[in-house]
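A.B. asks: One structure, pasted below without further comment.
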Amino acid sequence: MELSFILDESAFNLLQQYLEKLKITFSNTQGKEEIIEDIENRIAELLREIKKHADQVIVLSNINSVIDTLGQPEDFISEDDDQRFIRPEKKLFRNPEDRYISGIISGLGSYSGIETIWMRIIWLILAVFSLGVPIIVYIIMWAFISEAKTTAEKLQMKGEPVNISTIERKIKEKFGEVSEKIKNTDYNSMTNTIKNKSKTFFFVLINFLGKVFKLIGVMIGIQFHKKSWKNL
Amino acid sequence: MNIDNTKAQMRKGVLEFCILTILADKDKYTSEILSTLKSSKMLVVEGTIYPLLTRLKNAGLLSYRWEESTSGPPRKYYALTETGKLFLTELNTTWSELQQAVKKVTREKTKK
């Protein structure tokens with residue numbers, strides 16, 4: 001029995017969002033693959049009831065009625081299915097949402113409560129003036145500190161309580177971003193922005209180093225100037 | 001305190017018991033379980049049942065098998081395991097005790 005459906009664009013986007021939300025909501029639940037697969041099968045079953053003839057296009061209202069029947073993931077996940085409702089303490093993670101290289105500095109920032117920008121500046125200054133020791137420390141941390149992947153980990157990273165309302169908020173934030181990205185799906189420009197972001201950072205870095213060296217150069221120059229002046 | 005939340009909690013507590021009862025005499029596939037629960041207003045949204053079925057299966061109370069269907073996608077048929085049957089017998093006792101206790105409490109309340 002072949003099951004295929006033709007969806008219009010808005011219906012497809014909504015269904016995709018719903019499935020994504022399911023995955024996020026159940027990401028820490030035992031047997032999540034099975035639960036999601038069962039729900040996907042049920043969606044197919046419900047769509048089959050909607051589909052009256054072979055080339056009928058599934059539209060937005062069809063998907064909406066399917067979602068009404070199934071309910072929103074946050075309404076039907078139960079707390080005992082979810083193993084992340086404990087552990088309120090803050091944890092050190094690499095922050096994948098705010099990073100130039102690995103997200104360690106912004107993770108440290110979240111952990112210590114120091115603003116990430118200051119953390120970066122402190123780190124840079126240390127790296128420049130203590131002959132690269134912080135760079136080795138950085139690489140070690142990169143290897144041992146894991147990235148905050150799940151919504152719960154991202155909340156833990158910021159020391160926020162992990163419960164259904166904070167998770168919901170996080171998911172909503174994420175969906176805002178995702179739908180924005182879907183709206184302007186121009187992957188070339190997306191990769192360009194990423195590149196530009198790191199370019200700006202390295203540009204700032206080089207610029208900063210350049211200024212430091214210039215300053216050192218000027219100081220040496222002054223010394224030299226003084227000496228040659230004395231010699232006269 | 002949210003009344004809908006309390007209602008949902010109450011319903012959730014007996015939902016597992018209901019699923020096991022539905023499967024007591026005959027193996028059923030998910031949509032059949034769903035329609036029984038929905039017709040008796042035990043279930044508001046269908047999604048609730050999926051994590052529950054998986055949990056009951058992982059706990060060894062239920063097992064399932066796939067069966068081809070003539071009118072659609074293959075169906076997942078659930079059945080009670082031996083442990084599931086024992087579990088259900090125990091829940092039955094607890095349920096009738098609970099029912100009587102609640103009846104008694106509410107009756108005494110109305111007497112006063």
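Chain labels A, B, ... are given in the sequence in which chains occur in the structure tokens; within each chain residues are numbered consecutively from 1, and ligands are likewise numbered from 1 in the order shown.
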Residues of stretch 37-86 of chain A in alpha helix (DSSP H) according to DSSP, as a list in words?
C.D. replies: Glu37, Asp38, Ile39, Glu40, Asn41, Arg42, Ile43, Ala44, Glu45, Leu46, Leu47, Arg48, Glu49, Ile50, Leu60, Ser61, Asn62, Ile63, Asn64, Ser65, Val66, Ile67, Asp68, Thr69, Leu70, Pro73, Glu74, Asp75 and Phe76 of chain A
A.B. asks: So that I have them on file, write out the residues from the current selection with N, CA and C atoms, as a PDB file, in the first residue's frame.
C.D. replies:
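File again-v6.pdb, as written:
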ATOM      1  N   GLU A  37       7.621   7.899  15.626  1.00  0.00           N
ATOM      2  CA  GLU A  37       7.205   7.071  14.481  1.00  0.00           C
ATOM      3  C   GLU A  37       5.708   6.749  14.551  1.00  0.00           C
ATOM      4  N   ASP A  38       5.241   6.405  15.742  1.00  0.00           N
ATOM      5  CA  ASP A  38       3.809   6.111  15.915  1.00  0.00           C
ATOM      6  C   ASP A  38       2.956   7.316  15.559  1.00  0.00           C
ATOM      7  N   ILE A  39       3.403   8.483  16.012  1.00  0.00           N
ATOM      8  CA  ILE A  39       2.622   9.689  15.729  1.00  0.00           C
ATOM      9  C   ILE A  39       2.650   9.990  14.233  1.00  0.00           C
ATOM     10  N   GLU A  40       3.808   9.794  13.611  1.00  0.00           N
ATOM     11  CA  GLU A  40       3.889  10.006  12.159  1.00  0.00           C
ATOM     12  C   GLU A  40       2.943   9.065  11.411  1.00  0.00           C
ATOM     13  N   ASN A  41       2.889   7.822  11.871  1.00  0.00           N
ATOM     14  CA  ASN A  41       1.955   6.874  11.249  1.00  0.00           C
ATOM     15  C   ASN A  41       0.506   7.319  11.409  1.00  0.00           C
ATOM     16  N   ARG A  42       0.208   7.842  12.590  1.00  0.00           N
ATOM     17  CA  ARG A  42      -1.146   8.314  12.844  1.00  0.00           C
ATOM     18  C   ARG A  42      -1.468   9.508  11.940  1.00  0.00           C
ATOM     19  N   ILE A  43      -0.488  10.383  11.743  1.00  0.00           N
ATOM     20  CA  ILE A  43      -0.703  11.526  10.841  1.00  0.00           C
ATOM     21  C   ILE A  43      -1.040  11.011   9.448  1.00  0.00           C
ATOM     22  N   ALA A  44      -0.296   9.996   9.000  1.00  0.00           N
ATOM     23  CA  ALA A  44      -0.561   9.425   7.678  1.00  0.00           C
ATOM     24  C   ALA A  44      -1.970   8.851   7.607  1.00  0.00           C
ATOM     25  N   GLU A  45      -2.364   8.190   8.706  1.00  0.00           N
ATOM     26  CA  GLU A  45      -3.699   7.602   8.748  1.00  0.00           C
ATOM     27  C   GLU A  45      -4.777   8.686   8.661  1.00  0.00           C
ATOM     28  N   LEU A  46      -4.572   9.755   9.438  1.00  0.00           N
ATOM     29  CA  LEU A  46      -5.551  10.843   9.435  1.00  0.00           C
ATOM     30  C   LEU A  46      -5.611  11.535   8.077  1.00  0.00           C
ATOM     31  N   LEU A  47      -4.436  11.705   7.459  1.00  0.00           N
ATOM     32  CA  LEU A  47      -4.407  12.348   6.138  1.00  0.00           C
ATOM     33  C   LEU A  47      -5.095  11.468   5.090  1.00  0.00           C
ATOM     34  N   ARG A  48      -4.981  10.168   5.293  1.00  0.00           N
ATOM     35  CA  ARG A  48      -5.624   9.239   4.369  1.00  0.00           C
ATOM     36  C   ARG A  48      -7.139   9.373   4.424  1.00  0.00           C
ATOM     37  N   GLU A  49      -7.646   9.640   5.633  1.00  0.00           N
ATOM     38  CA  GLU A  49      -9.094   9.848   5.767  1.00  0.00           C
ATOM     39  C   GLU A  49      -9.526  11.139   5.091  1.00  0.00           C
ATOM     40  N   ILE A  50      -8.621  12.131   5.112  1.00  0.00           N
ATOM     41  CA  ILE A  50      -8.948  13.422   4.498  1.00  0.00           C
ATOM     42  C   ILE A  50      -8.922  13.308   2.976  1.00  0.00           C
ATOM     43  N   LEU A  60      -3.417  23.772   4.173  1.00  0.00           N
ATOM     44  CA  LEU A  60      -3.130  24.178   5.549  1.00  0.00           C
ATOM     45  C   LEU A  60      -4.219  23.749   6.534  1.00  0.00           C
ATOM     46  N   SER A  61      -5.496  23.932   6.149  1.00  0.00           N
ATOM     47  CA  SER A  61      -6.581  23.616   7.089  1.00  0.00           C
ATOM     48  C   SER A  61      -6.611  22.118   7.414  1.00  0.00           C
ATOM     49  N   ASN A  62      -6.215  21.276   6.450  1.00  0.00           N
ATOM     50  CA  ASN A  62      -6.147  19.835   6.703  1.00  0.00           C
ATOM     51  C   ASN A  62      -5.126  19.534   7.787  1.00  0.00           C
ATOM     52  N   ILE A  63      -3.943  20.142   7.657  1.00  0.00           N
ATOM     53  CA  ILE A  63      -2.895  19.903   8.649  1.00  0.00           C
ATOM     54  C   ILE A  63      -3.337  20.426  10.012  1.00  0.00           C
ATOM     55  N   ASN A  64      -4.014  21.596   9.997  1.00  0.00           N
ATOM     56  CA  ASN A  64      -4.506  22.145  11.255  1.00  0.00           C
ATOM     57  C   ASN A  64      -5.469  21.201  11.952  1.00  0.00           C
ATOM     58  N   SER A  65      -6.339  20.539  11.177  1.00  0.00           N
ATOM     59  CA  SER A  65      -7.288  19.637  11.826  1.00  0.00           C
ATOM     60  C   SER A  65      -6.571  18.392  12.352  1.00  0.00           C
ATOM     61  N   VAL A  66      -5.530  17.933  11.629  1.00  0.00           N
ATOM     62  CA  VAL A  66      -4.730  16.808  12.124  1.00  0.00           C
ATOM     63  C   VAL A  66      -4.075  17.178  13.456  1.00  0.00           C
ATOM     64  N   ILE A  67      -3.500  18.389  13.506  1.00  0.00           N
ATOM     65  CA  ILE A  67      -2.831  18.837  14.733  1.00  0.00           C
ATOM     66  C   ILE A  67      -3.833  18.989  15.881  1.00  0.00           C
ATOM     67  N   ASP A  68      -5.057  19.466  15.547  1.00  0.00           N
ATOM     68  CA  ASP A  68      -6.089  19.575  16.585  1.00  0.00           C
ATOM     69  C   ASP A  68      -6.424  18.214  17.177  1.00  0.00           C
ATOM     70  N   THR A  69      -6.470  17.205  16.315  1.00  0.00           N
ATOM     71  CA  THR A  69      -6.783  15.858  16.792  1.00  0.00           C
ATOM     72  C   THR A  69      -5.668  15.309  17.675  1.00  0.00           C
ATOM     73  N   LEU A  70      -4.439  15.538  17.243  1.00  0.00           N
ATOM     74  CA  LEU A  70      -3.301  14.978  17.979  1.00  0.00           C
ATOM     75  C   LEU A  70      -2.929  15.798  19.209  1.00  0.00           C
ATOM     76  N   PRO A  73       2.550  18.888  21.290  1.00  0.00           N
ATOM     77  CA  PRO A  73       3.463  18.024  22.064  1.00  0.00           C
ATOM     78  C   PRO A  73       3.552  18.398  23.544  1.00  0.00           C
ATOM     79  N   GLU A  74       3.568  19.693  23.848  1.00  0.00           N
ATOM     80  CA  GLU A  74       3.735  20.066  25.265  1.00  0.00           C
ATOM     81  C   GLU A  74       2.480  19.721  26.081  1.00  0.00           C
ATOM     82  N   ASP A  75       1.341  19.506  25.380  1.00  0.00           N
ATOM     83  CA  ASP A  75       0.130  19.130  26.105  1.00  0.00           C
ATOM     84  C   ASP A  75       0.111  17.655  26.453  1.00  0.00           C
ATOM     85  N   PHE A  76       0.850  16.860  25.685  1.00  0.00           N
ATOM     86  CA  PHE A  76       0.750  15.435  25.970  1.00  0.00           C
ATOM     87  C   PHE A  76       2.043  14.774  26.434  1.00  0.00           C
TER      88      PHE A  76
END
A.B. asks: If we count only C-alpha atoms and set the cut-off at 9 Å, which residues sit around stretch 7-17 of chain B, ignoring sequence neighbours fewer than 6 positions away in its own chain? Please answer as a list in words.
C.D. replies: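 What passes the distance filter is Leu37, Met42, Leu43, Val44, Thr48, Ile49, Leu52, Leu53, Leu56, Leu88, Leu91, Asn92 and Trp95 of chain B.
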A.B. asks: Go ahead and save the picked residues with C-alpha atoms, as a short mmCIF file (atom, residue, chain, number, x, y, z; two decimals), in the first residue's frame.
C.D. replies:
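result.cif, written as the output of this step:
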data_model
loop_
_atom_site.label_atom_id
_atom_site.label_comp_id
_atom_site.auth_asym_id
_atom_site.auth_seq_id
_atom_site.Cartn_x
_atom_site.Cartn_y
_atom_site.Cartn_z
CA LEU B 37 -11.05 6.16 24.71
CA MET B 42 -11.22 9.63 28.43
CA LEU B 43 -8.91 11.33 26.00
CA VAL B 44 -8.84 14.95 24.90
CA THR B 48 -1.36 11.56 24.92
CA ILE B 49 -1.62 7.87 24.14
CA LEU B 52 1.90 6.10 27.34
CA LEU B 53 1.79 3.04 25.06
CA LEU B 56 3.71 0.46 29.05
CA LEU B 88 -4.33 -5.32 35.48
CA LEU B 91 -5.19 -2.39 39.34
CA ASN B 92 -8.76 -3.70 39.22
CA TRP B 95 -9.68 0.72 41.47
#
A.B. asks: Using only C-alpha atoms, find the one residue out of B:Thr6, B:Ser40, B:Thr21, B:Thr70 that sits nearest to chain A.
C.D. replies: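 Looking at the shortest contact to chain A, the residue is B:Thr70.
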A.B. asks: Work out how far apart atom CA of B:Ile19 and atom CA of B:Asn58 are and give it in Å to one decimal.
C.D. replies: 14.8 Å
A.B. asks: Do you know which residues are at most 10 Å from A:Asp8 counting only C-alpha atoms, after dropping those on the same chain fewer than 5 positions away, and could you put them as a ChimeraX atom specification?
C.D. replies: /A:13,57-60
